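Report on one structure; see the data block that follows.
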Amino acid sequence: MVCYFFRRHHILLFLCLLHSMLGISRGCIPEEMAALMEIRSSLTSAQSEPPVSWSGRGDCCSWERIRCNNSTRRISHLDLFDIHQPVQTSDDGGGTTSVSVSESGSCWINLNLTVLSSFRELQLLDFSSNDACIQNFEARKERNNAGLEGLSKLQYLNLSGNNLSRSIPGSISKLVSLKVLNLDRNNISGALQNKDFINLRNLQELHLGSNRLSGTLPSSLFALPRLQYLDLSENLFQGFIPVNSSWNCSSFFQTLRLSGNDLSGKFEFFWLRYCGKLQRIDLSGNANLVVQMKFPGWVPQFQLKTLRLSGCKLDKSIIAEPHFLRTQSRLEFLDLSNNNLPGRMPNWLLTDEATIVYLDISNNMLDGSLDLMLQQQFNLQLLNISMNSIIGELPANISSVFPNLRILDVSHNIISGVIPLSLCSIHNIELLDLSNNKFTGEVPACLFTDCSELKILKVSNNNLGGMILSGASNLSFLWAIYLDNNKFEGSLPINLSGNVYIMDLHDNSFAGPLPNCSTTLPLSFLNMSGNALSGSPDAIFNPSYIEALDLSYNQFTGNLKWTRELSQISHLLLRRNKFEGQISSDLCHLKYMRIVDFSHNILSGSVPPCIGHIPFEVLPDYLDLRSTTGSSFFGEAFETMDLYDSSYMYTSHYDMQGFTFTTKGNPYTYGQNIFLFMSGLDFSANMLSGEIPQELGNLSHIKSLNLSYNFFTGQIPPTFANMSEIESLDLSHNRLIGPIPWQLTRLWSLEVFSVAYNNLSGCVPNTGQFGSFQMDSYEGNTNLHKASQGSKSCTSNSSPATSSKMEGEVLEGFDPILYLVTAVSFVLAFCATFWFSLCPFIGLCA
């Protein structure tokens, strides 16, 4: 009996130990293991490397990005944030490259949410920042797949940075345990319904920013009893905000972000009086939203840390009568920009007790001076007072007043005086914009030597002078330099080096040859137009990096062989220099070209027919390259150290203000849209000859073509009818013969057309756009006739296409110096062949 007892006891003990051991060795639940393997397969299909520990063996509870419930061994946390890791493959050179496009098309990964139904105790799911196409949000009863509906314990769901491409899934409303829902940046469209959120009584944070949601805001959102954070920014919402004076705000409510919509109606801050814990409000970018802040005698219970009201119909008295702002003693981020606010510069915001870190009052109607800013501001990191009418000078002791500034933007004001030397003592300064003021003197040399954090320096459009860069040579920390429209002189420093991506020097008094540097700058954009520079154009930049190059209005000479190396170039402007020789067919290999301006030089020979094969459009692989390399062509963004919301950024875009291209007979200075929307080719005012290549008709995306003031012969190619996007076509002042091709009447986008002063004959078209062109488009062609009134045909007796102007009168808008230059060139070509060779033209002169 005793033996039996002990034997039975040992068996029970053995069974308990065996059960325990089996539980440990079993690891996670088999169905959850299978689900993880399915996710792993999705990653592999997207040419992505899954986590190393996801091998299909061992305890999956110990794998990376996974946490299990200790008692049930079921997965409770699944953290797949930014899990996409491109597979490294060998390239032809023996190195490695990253596969950047998945086989699935526009998405990195395809995730079927039915796989998640296995994780029955899941509390946290983070699949954010994966650029995934997410499918099957809803339950599928025919396959007994619950989608997300079965995840009754889910408290945290983050799918931001993916692609849902549909409306808010109805199954979201059944996740009653949810505390945090983040669907930011998902291309979600449609309207929000009250039923979508009315059951989410535990919801604390709702992130729906940067989507395409439309319609009105549902009132159920503002009635959630535990809501702390609500972000509906950067959508298409319209109508009023569904709160009023009787709104019983949640006692937990802290953040309201509704910026970047089309909300209207009225919003009174007094309605927030019960929101005692409110800290952050952002209503920016709602141009039709009237924001009222004035309520006499009211002292709010809350103390805001962030207040952003840029671009609203803001109460104009907010600065002149700052009753509300004076009650907010803990403000750290204040943005009142773009509101046309009147009044004096609010120096009272910067008291010795101020906590402000970020102050943006730009683009208003503020006046006054900065003289009263005497209180030391240790906290202030960003100060933007640009686009106002501020006068006076920058404080000489500015480094003592703002010792920790990272961004200072005082551009577009009336500030005068010299640039204070003490700016160099602000060691954290990253962006300094003093442009469009009345500064005089020189730029302190210490800005290029002592400010190791300085990334962008803008002093454009002032009265500054002296030597360029004040003799500096090492620009290793600077990314962008804007010195344009000043009075700088001299030449670039010898052996200039650094990491500069943007350099704008146009319209100064720089002279002398470019230095022959031992190293070149990795410039993406270089504008040196409007100076007196000479020498080798590619002496200071790496031709493999440059994307936009403007050397117009200088004294550069030589041929254009160096342009063949500009593999990334999109804008190449060499107008009004002294370049000579022929246009090489190597130009045809520059597939990213959008703007080419070789006008007003001494180029000769024929136009290579292969130019007709340049796409003159923004190619997808070019945009991919720009995003991959982090090109600075579009500007830089600086985070302003917002402790609460990472979306607060200060972005500095280069808008190409000095980038000028002549089309439709006039020079146009373009903003950034020149890159995306403008394309053109200008070979005018040279000595080009031969027939116009038929292949130029393949330029279907070009908007402007100017071949005027050359010596082209032959007929106008009928293939020009294929230039379907052309807006301006100038073939005037050549030696073209024959009729105007009737096919050109198909060019419905053509706005400006000129074939004046050729030897054309036949009838002037009068259909399509040609019915709107005046006769000055055809003048100087004695054998070209217009149709008789009321007739669609013309005869030799019809009126010739001549101008009523006198024969010798100079055409409006034409540079008379060009005639002089051309005449002198012919004389010199005839009499002095040692200057340059123009043999084909000597016979013509004779």
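All residue names refer to the structure tokens as shown: chains lettered A, B, ... in order, residues numbered from 1 in each chain, ligands numbered from 1 in order.
Inside region 228-386 of chain A, the residues DSSP reads as alpha helix (DSSP H) when given the backbone are Ser317, Ile318, Ile319, Ala320, His323, Phe324, Leu325, Arg326 and Thr327 of chain A.
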Using only C-alpha atoms, determine which residues lie at most 12 Å from Ser567 (chain A), disregarding the query and same-chain residues fewer than 6 positions distant; provide the list as JSON, numbers by chain. {"A": [524, 542, 543, 544, 545, 546, 547, 548, 586, 587, 588, 589, 590, 591, 592, 593, 622]}
File dump, residues just selected, N, CA and C atoms, as a compact mmCIF listing (two decimals), in the first residue's frame:
```
# COMPACT_ATOMS: atom_id res chain seq x y z
N SER A 524 23.90 70.89 -56.09
CA SER A 524 22.73 70.51 -56.86
C SER A 524 22.20 71.70 -57.65
N ASN A 542 30.76 69.58 -59.18
CA ASN A 542 30.88 68.23 -59.71
C ASN A 542 29.78 68.02 -60.75
N PRO A 543 30.12 67.81 -62.01
CA PRO A 543 29.09 67.71 -63.05
C PRO A 543 28.13 66.54 -62.84
N SER A 544 28.51 65.56 -62.06
CA SER A 544 27.64 64.40 -61.82
C SER A 544 26.51 64.70 -60.85
N TYR A 545 26.61 65.80 -60.11
CA TYR A 545 25.61 66.13 -59.08
C TYR A 545 24.67 67.26 -59.50
N ILE A 546 25.14 68.15 -60.34
CA ILE A 546 24.40 69.40 -60.59
C ILE A 546 23.06 69.10 -61.27
N GLU A 547 22.00 69.72 -60.75
CA GLU A 547 20.65 69.55 -61.29
C GLU A 547 20.15 70.80 -62.00
N ALA A 548 20.55 71.97 -61.52
CA ALA A 548 20.12 73.22 -62.13
C ALA A 548 21.32 74.17 -62.15
N ASP A 586 26.12 65.08 -77.87
CA ASP A 586 26.19 64.58 -76.49
C ASP A 586 25.08 65.16 -75.62
N LEU A 587 24.56 66.32 -76.01
CA LEU A 587 23.46 66.93 -75.26
C LEU A 587 22.24 66.02 -75.23
N CYS A 588 22.11 65.19 -76.23
CA CYS A 588 20.93 64.33 -76.36
C CYS A 588 20.86 63.25 -75.28
N HIS A 589 21.97 62.99 -74.62
CA HIS A 589 21.99 61.96 -73.58
C HIS A 589 21.53 62.47 -72.23
N LEU A 590 21.24 63.75 -72.13
CA LEU A 590 20.82 64.34 -70.87
C LEU A 590 19.31 64.20 -70.75
N LYS A 591 18.87 63.04 -70.27
CA LYS A 591 17.46 62.66 -70.34
C LYS A 591 16.57 63.38 -69.35
N TYR A 592 17.15 64.06 -68.34
CA TYR A 592 16.32 64.74 -67.34
C TYR A 592 16.08 66.21 -67.69
N MET A 593 16.54 66.64 -68.83
CA MET A 593 16.49 68.06 -69.19
C MET A 593 15.05 68.57 -69.27
N TYR A 622 13.73 59.94 -62.18
CA TYR A 622 14.40 61.13 -61.67
C TYR A 622 13.85 61.50 -60.31
```
Need the shell around region 187-189 of chain A: protein/DNA/RNA residues with any atom at most 10 Å away, counting only C-alpha atoms. Skip same-chain ones fewer than 5 positions apart. Format as a PyMOL selection string? chain A and resi 160-169+208-215+235-236
Residue set, region 179-332 of chain A restricted to strand (DSSP E or B), as a PyMOL selection string: chain A and resi 180-182+189-191+205-207+212-215+229-231+236-239+255-257+262-268+280-282+288-292+306-308+313-314
Restricted to N, CA and C atoms, what would the selected residues look like written as a compact mmCIF listing (two decimals), in the first residue's frame?
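Printed below is result10.txt as written:
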```txt
# COMPACT_ATOMS: atom_id res chain seq x y z
N VAL A 180 -5.88 53.75 -28.15
CA VAL A 180 -5.14 54.54 -29.12
C VAL A 180 -5.40 53.99 -30.52
N LEU A 181 -5.85 54.87 -31.42
CA LEU A 181 -6.07 54.51 -32.83
C LEU A 181 -5.33 55.51 -33.69
N ASN A 182 -4.37 55.01 -34.48
CA ASN A 182 -3.55 55.87 -35.32
C ASN A 182 -3.62 55.38 -36.76
N SER A 189 -10.19 57.99 -47.53
CA SER A 189 -11.12 58.98 -48.07
C SER A 189 -12.50 58.76 -47.45
N GLY A 190 -13.48 59.51 -47.96
CA GLY A 190 -14.84 59.37 -47.47
C GLY A 190 -15.10 60.24 -46.25
N ALA A 191 -16.29 60.10 -45.70
CA ALA A 191 -16.71 60.91 -44.55
C ALA A 191 -16.68 60.08 -43.27
N GLU A 205 -6.76 58.43 -27.61
CA GLU A 205 -6.05 59.14 -28.68
C GLU A 205 -6.60 58.70 -30.03
N LEU A 206 -6.88 59.68 -30.91
CA LEU A 206 -7.35 59.41 -32.26
C LEU A 206 -6.50 60.22 -33.23
N HIS A 207 -5.75 59.53 -34.08
CA HIS A 207 -4.87 60.16 -35.06
C HIS A 207 -5.37 59.81 -36.46
N ARG A 212 -7.43 61.88 -46.80
CA ARG A 212 -8.31 62.60 -47.73
C ARG A 212 -9.75 62.54 -47.24
N LEU A 213 -9.92 62.55 -45.93
CA LEU A 213 -11.25 62.51 -45.35
C LEU A 213 -11.99 63.80 -45.64
N SER A 214 -13.28 63.70 -45.88
CA SER A 214 -14.08 64.86 -46.25
C SER A 214 -15.37 64.89 -45.46
N GLY A 215 -16.25 65.80 -45.85
CA GLY A 215 -17.51 65.94 -45.14
C GLY A 215 -17.37 66.78 -43.89
N TYR A 229 -6.49 63.15 -26.97
CA TYR A 229 -5.75 63.65 -28.13
C TYR A 229 -6.59 63.42 -29.37
N LEU A 230 -6.88 64.51 -30.12
CA LEU A 230 -7.68 64.42 -31.35
C LEU A 230 -6.94 65.14 -32.47
N ASP A 231 -6.55 64.38 -33.51
CA ASP A 231 -5.83 64.95 -34.64
C ASP A 231 -6.56 64.59 -35.92
N LEU A 236 -9.75 67.06 -45.79
CA LEU A 236 -10.63 67.88 -46.63
C LEU A 236 -11.94 68.19 -45.91
N PHE A 237 -11.91 68.24 -44.60
CA PHE A 237 -13.13 68.49 -43.83
C PHE A 237 -13.66 69.90 -44.10
N GLN A 238 -14.98 70.01 -44.09
CA GLN A 238 -15.64 71.30 -44.29
C GLN A 238 -16.66 71.52 -43.18
N GLY A 239 -17.24 72.73 -43.21
CA GLY A 239 -18.31 73.03 -42.25
C GLY A 239 -17.77 73.49 -40.91
N THR A 255 -5.28 67.80 -26.33
CA THR A 255 -4.77 68.22 -27.63
C THR A 255 -5.88 68.22 -28.67
N LEU A 256 -5.98 69.35 -29.41
CA LEU A 256 -6.93 69.48 -30.51
C LEU A 256 -6.19 69.97 -31.74
N ARG A 257 -6.12 69.13 -32.79
CA ARG A 257 -5.43 69.50 -34.02
C ARG A 257 -6.39 69.35 -35.19
N ASP A 262 -10.74 72.76 -44.49
CA ASP A 262 -11.51 73.88 -45.04
C ASP A 262 -12.69 74.16 -44.11
N LEU A 263 -12.41 74.19 -42.81
CA LEU A 263 -13.46 74.42 -41.83
C LEU A 263 -13.89 75.88 -41.86
N SER A 264 -15.12 76.11 -41.53
CA SER A 264 -15.67 77.46 -41.56
C SER A 264 -16.52 77.69 -40.31
N GLY A 265 -17.27 78.78 -40.33
CA GLY A 265 -18.06 79.12 -39.15
C GLY A 265 -17.24 79.85 -38.12
N LYS A 266 -17.66 79.75 -36.88
CA LYS A 266 -17.01 80.48 -35.79
C LYS A 266 -16.54 79.51 -34.72
N PHE A 267 -15.37 79.83 -34.16
CA PHE A 267 -14.84 79.06 -33.03
C PHE A 267 -14.41 80.04 -31.96
N GLU A 268 -15.06 79.98 -30.80
CA GLU A 268 -14.74 80.87 -29.69
C GLU A 268 -13.96 80.13 -28.61
N ARG A 280 -2.67 71.87 -25.98
CA ARG A 280 -2.26 72.13 -27.35
C ARG A 280 -3.47 72.34 -28.25
N ILE A 281 -3.45 73.45 -29.04
CA ILE A 281 -4.50 73.75 -30.01
C ILE A 281 -3.84 74.14 -31.32
N ASP A 282 -4.30 73.52 -32.42
CA ASP A 282 -3.81 73.86 -33.75
C ASP A 282 -5.00 73.94 -34.69
N ASN A 288 -11.29 80.05 -43.75
CA ASN A 288 -12.65 80.57 -43.55
C ASN A 288 -13.15 80.39 -42.12
N LEU A 289 -12.27 79.99 -41.23
CA LEU A 289 -12.67 79.77 -39.84
C LEU A 289 -12.42 81.03 -39.02
N VAL A 290 -13.49 81.59 -38.47
CA VAL A 290 -13.38 82.79 -37.64
C VAL A 290 -13.04 82.36 -36.21
N VAL A 291 -11.90 82.83 -35.72
CA VAL A 291 -11.44 82.45 -34.39
C VAL A 291 -11.52 83.67 -33.48
N GLN A 292 -12.37 83.57 -32.47
CA GLN A 292 -12.57 84.65 -31.50
C GLN A 292 -11.89 84.29 -30.18
N THR A 306 1.09 74.86 -26.52
CA THR A 306 1.16 75.06 -27.96
C THR A 306 -0.11 75.74 -28.45
N LEU A 307 0.06 76.83 -29.20
CA LEU A 307 -1.08 77.53 -29.81
C LEU A 307 -0.68 77.90 -31.23
N ARG A 308 -1.34 77.27 -32.20
CA ARG A 308 -1.03 77.52 -33.61
C ARG A 308 -2.32 77.95 -34.31
N LYS A 313 -9.12 83.29 -39.90
CA LYS A 313 -9.70 84.61 -39.72
C LYS A 313 -9.61 84.94 -38.24
N LEU A 314 -8.41 85.26 -37.84
CA LEU A 314 -8.11 85.42 -36.42
C LEU A 314 -8.51 86.80 -35.92
```
Counting only C-alpha atoms, the residue of A:Leu760, A:Leu383, A:Ala35, A:Leu113 that sits nearest Glu779 (chain A): A:Leu760
Residues near region 269-272 of chain A, cut-off 9 Å, only C-alpha atoms, skip fewer than 4 positions along chain, as a CSV table (one decimal) with N, CA and C atoms, in the first residue's frame:
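And here's result-v4.csv as it stands now:
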```
chain,number,residue,atom,x,y,z
A,243,VAL,N,-18.8,72.1,-31.7
A,243,VAL,CA,-18.8,72.5,-30.3
A,243,VAL,C,-19.4,73.9,-30.1
A,244,ASN,N,-19.9,74.2,-29.0
A,244,ASN,CA,-20.5,75.5,-28.7
A,244,ASN,C,-20.3,75.9,-27.3
A,245,SER,N,-21.0,76.9,-26.8
A,245,SER,CA,-20.8,77.4,-25.5
A,245,SER,C,-21.2,76.4,-24.4
A,246,SER,N,-22.1,75.4,-24.8
A,246,SER,CA,-22.5,74.4,-23.8
A,246,SER,C,-21.7,73.1,-23.8
A,247,TRP,N,-20.6,73.2,-24.6
A,247,TRP,CA,-19.8,71.9,-24.7
A,247,TRP,C,-19.2,71.5,-23.4
A,248,ASN,N,-19.5,70.3,-23.0
A,248,ASN,CA,-19.0,69.7,-21.7
A,248,ASN,C,-17.7,69.0,-22.1
A,249,CYS,N,-16.6,69.7,-22.1
A,249,CYS,CA,-15.4,69.1,-22.6
A,249,CYS,C,-14.9,68.0,-21.6
A,276,GLY,N,-10.0,71.9,-18.6
A,276,GLY,CA,-9.0,72.4,-17.6
A,276,GLY,C,-7.6,71.8,-17.9
A,278,LEU,N,-6.3,71.3,-21.0
A,278,LEU,CA,-6.0,71.6,-22.4
A,278,LEU,C,-4.6,72.1,-22.5
A,291,VAL,N,-11.9,82.8,-35.7
A,291,VAL,CA,-11.4,82.5,-34.4
A,291,VAL,C,-11.5,83.7,-33.5
A,292,GLN,N,-12.4,83.6,-32.5
A,292,GLN,CA,-12.6,84.7,-31.5
A,292,GLN,C,-11.9,84.3,-30.2
A,293,MET,N,-11.1,85.2,-29.7
A,293,MET,CA,-10.3,84.9,-28.4
A,293,MET,C,-10.7,85.9,-27.3
A,294,LYS,N,-11.5,86.9,-27.6
A,294,LYS,CA,-11.7,88.0,-26.7
A,294,LYS,C,-13.0,87.7,-25.9
A,295,PHE,N,-12.9,87.6,-24.6
A,295,PHE,CA,-14.0,87.5,-23.7
A,295,PHE,C,-13.7,88.2,-22.4
A,298,TRP,N,-12.6,87.0,-18.5
A,298,TRP,CA,-12.4,85.5,-18.4
A,298,TRP,C,-11.0,85.1,-18.3
A,300,PRO,N,-8.9,81.7,-18.3
A,300,PRO,CA,-9.0,80.3,-18.5
A,300,PRO,C,-8.4,79.4,-17.4
A,302,PHE,N,-7.2,76.5,-18.1
A,302,PHE,CA,-6.0,75.8,-18.7
A,302,PHE,C,-4.8,76.7,-19.0
```
Find the spatial neighbours of Arg120 (chain A), counting only C-alpha atoms, within a cut-off of 9 Å - ignore same-chain residues fewer than 4 positions away - and output them as an NGL selection string. :A and (74-76 or 116 or 150-154)
Write the residues of the preceding selection, restricted to all heavy atoms, as a PDB file, in the first residue's frame.
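So the final result, stored in part.pdb, reads:
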```pdb
ATOM      1  N   ARG A  74       0.087  33.394 -25.067  1.00  0.00           N
ATOM      2  CA  ARG A  74      -0.428  34.000 -26.296  1.00  0.00           C
ATOM      3  C   ARG A  74       0.220  35.360 -26.521  1.00  0.00           C
ATOM      4  O   ARG A  74       0.578  36.045 -25.554  1.00  0.00           O
ATOM      5  CB  ARG A  74      -1.949  34.135 -26.240  1.00  0.00           C
ATOM      6  CG  ARG A  74      -2.690  32.825 -26.527  1.00  0.00           C
ATOM      7  CD  ARG A  74      -4.164  33.069 -26.760  1.00  0.00           C
ATOM      8  NE  ARG A  74      -4.845  31.882 -27.248  1.00  0.00           N
ATOM      9  CZ  ARG A  74      -4.935  31.522 -28.530  1.00  0.00           C
ATOM     10  NH1 ARG A  74      -4.375  32.282 -29.460  1.00  0.00           N
ATOM     11  NH2 ARG A  74      -5.573  30.429 -28.891  1.00  0.00           N
ATOM     12  N   ILE A  75       0.334  35.712 -27.786  1.00  0.00           N
ATOM     13  CA  ILE A  75       0.983  36.976 -28.141  1.00  0.00           C
ATOM     14  C   ILE A  75       0.084  38.137 -27.739  1.00  0.00           C
ATOM     15  O   ILE A  75      -1.089  38.191 -28.101  1.00  0.00           O
ATOM     16  CB  ILE A  75       1.281  37.023 -29.649  1.00  0.00           C
ATOM     17  CG1 ILE A  75       2.329  35.967 -30.006  1.00  0.00           C
ATOM     18  CG2 ILE A  75       1.769  38.408 -30.075  1.00  0.00           C
ATOM     19  CD1 ILE A  75       2.642  35.866 -31.483  1.00  0.00           C
ATOM     20  N   SER A  76       0.675  39.092 -26.997  1.00  0.00           N
ATOM     21  CA  SER A  76      -0.072  40.274 -26.563  1.00  0.00           C
ATOM     22  C   SER A  76       0.402  41.546 -27.246  1.00  0.00           C
ATOM     23  O   SER A  76      -0.359  42.502 -27.389  1.00  0.00           O
ATOM     24  CB  SER A  76       0.031  40.435 -25.043  1.00  0.00           C
ATOM     25  OG  SER A  76       1.391  40.609 -24.653  1.00  0.00           O
ATOM     26  N   LEU A 116      -4.479  38.291 -38.748  1.00  0.00           N
ATOM     27  CA  LEU A 116      -4.414  38.751 -37.356  1.00  0.00           C
ATOM     28  C   LEU A 116      -5.477  38.120 -36.466  1.00  0.00           C
ATOM     29  O   LEU A 116      -5.416  38.254 -35.246  1.00  0.00           O
ATOM     30  CB  LEU A 116      -4.553  40.267 -37.310  1.00  0.00           C
ATOM     31  CG  LEU A 116      -3.484  41.055 -38.076  1.00  0.00           C
ATOM     32  CD1 LEU A 116      -3.802  42.544 -38.042  1.00  0.00           C
ATOM     33  CD2 LEU A 116      -2.102  40.801 -37.495  1.00  0.00           C
ATOM     34  N   GLY A 150     -12.365  40.268 -34.181  1.00  0.00           N
ATOM     35  CA  GLY A 150     -12.164  39.307 -33.101  1.00  0.00           C
ATOM     36  C   GLY A 150     -11.159  39.739 -32.063  1.00  0.00           C
ATOM     37  O   GLY A 150     -10.983  39.057 -31.045  1.00  0.00           O
ATOM     38  N   LEU A 151     -10.479  40.867 -32.300  1.00  0.00           N
ATOM     39  CA  LEU A 151      -9.441  41.318 -31.366  1.00  0.00           C
ATOM     40  C   LEU A 151     -10.078  42.187 -30.284  1.00  0.00           C
ATOM     41  O   LEU A 151      -9.869  43.394 -30.207  1.00  0.00           O
ATOM     42  CB  LEU A 151      -8.359  42.092 -32.132  1.00  0.00           C
ATOM     43  CG  LEU A 151      -7.725  41.356 -33.312  1.00  0.00           C
ATOM     44  CD1 LEU A 151      -6.641  42.208 -33.959  1.00  0.00           C
ATOM     45  CD2 LEU A 151      -7.158  40.015 -32.882  1.00  0.00           C
ATOM     46  N   SER A 152     -10.840  41.532 -29.429  1.00  0.00           N
ATOM     47  CA  SER A 152     -11.628  42.258 -28.433  1.00  0.00           C
ATOM     48  C   SER A 152     -10.783  42.903 -27.353  1.00  0.00           C
ATOM     49  O   SER A 152     -11.255  43.797 -26.641  1.00  0.00           O
ATOM     50  CB  SER A 152     -12.647  41.312 -27.781  1.00  0.00           C
ATOM     51  OG  SER A 152     -11.969  40.221 -27.166  1.00  0.00           O
ATOM     52  N   LYS A 153      -9.528  42.477 -27.205  1.00  0.00           N
ATOM     53  CA  LYS A 153      -8.656  43.031 -26.163  1.00  0.00           C
ATOM     54  C   LYS A 153      -7.677  44.076 -26.706  1.00  0.00           C
ATOM     55  O   LYS A 153      -6.861  44.597 -25.954  1.00  0.00           O
ATOM     56  CB  LYS A 153      -7.873  41.907 -25.491  1.00  0.00           C
ATOM     57  CG  LYS A 153      -8.750  40.904 -24.754  1.00  0.00           C
ATOM     58  CD  LYS A 153      -7.913  39.860 -24.025  1.00  0.00           C
ATOM     59  CE  LYS A 153      -8.799  38.883 -23.256  1.00  0.00           C
ATOM     60  NZ  LYS A 153      -8.004  37.861 -22.529  1.00  0.00           N
ATOM     61  N   LEU A 154      -7.788  44.363 -28.002  1.00  0.00           N
ATOM     62  CA  LEU A 154      -6.844  45.300 -28.613  1.00  0.00           C
ATOM     63  C   LEU A 154      -7.036  46.698 -28.038  1.00  0.00           C
ATOM     64  O   LEU A 154      -8.121  47.257 -28.064  1.00  0.00           O
ATOM     65  CB  LEU A 154      -7.054  45.326 -30.128  1.00  0.00           C
ATOM     66  CG  LEU A 154      -5.964  46.033 -30.950  1.00  0.00           C
ATOM     67  CD1 LEU A 154      -4.634  45.305 -30.805  1.00  0.00           C
ATOM     68  CD2 LEU A 154      -6.363  46.107 -32.424  1.00  0.00           C
TER      69      LEU A 154
END
```
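Remark: for Asn136 (chain A), the closest of the candidate residues A:Gln774, A:Gln123, A:Ser171, A:Ser724 is A:Ser171 (distances computed over only C-alpha atoms).
CA of Ile602 (chain A) to CA of Pro513 (chain A) spans 19.7 Å [interatomic distance, one decimal].
Here CA of Trp54 (chain A) is placed at a distance of 12.7 Å from CA of Cys28 (chain A).
A straight line drawn from CA of Pro522 (chain A) to CA of Ile502 (chain A) is 8.9 Å long.
Each of A:Val410, A:Val418, A:Leu454, A:Ile611 was compared to Asp433 (chain A) using only C-alpha atoms, and A:Val410 turns out to be the nearest.
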Using only C-alpha atoms, which residues sit within 9 Å of region 79-83 of chain A once same-chain residues fewer than 4 positions away are excluded, as a VMD selection string? chain A and resid 43 48 to 51 64 to 67 124 to 131 158 to 159
Considering only C-alpha atoms, return as a list of chain:residue names whatever protein or nucleic-acid residues lie within 10 Å of Phe753 (chain A), sequence-local ones (same chain, fewer than 2 positions apart) excluded. A:Lys664, A:Gly665, A:Leu705, A:Asn706, A:Glu727, A:Ser728, A:Leu729, A:Asp730, A:Leu731, A:Ser732, A:Leu750, A:Glu751, A:Val755, A:Ala756, A:Gln769, A:Phe770, A:Phe773, A:Gln774, A:Asp776, A:Ser777, A:Tyr778
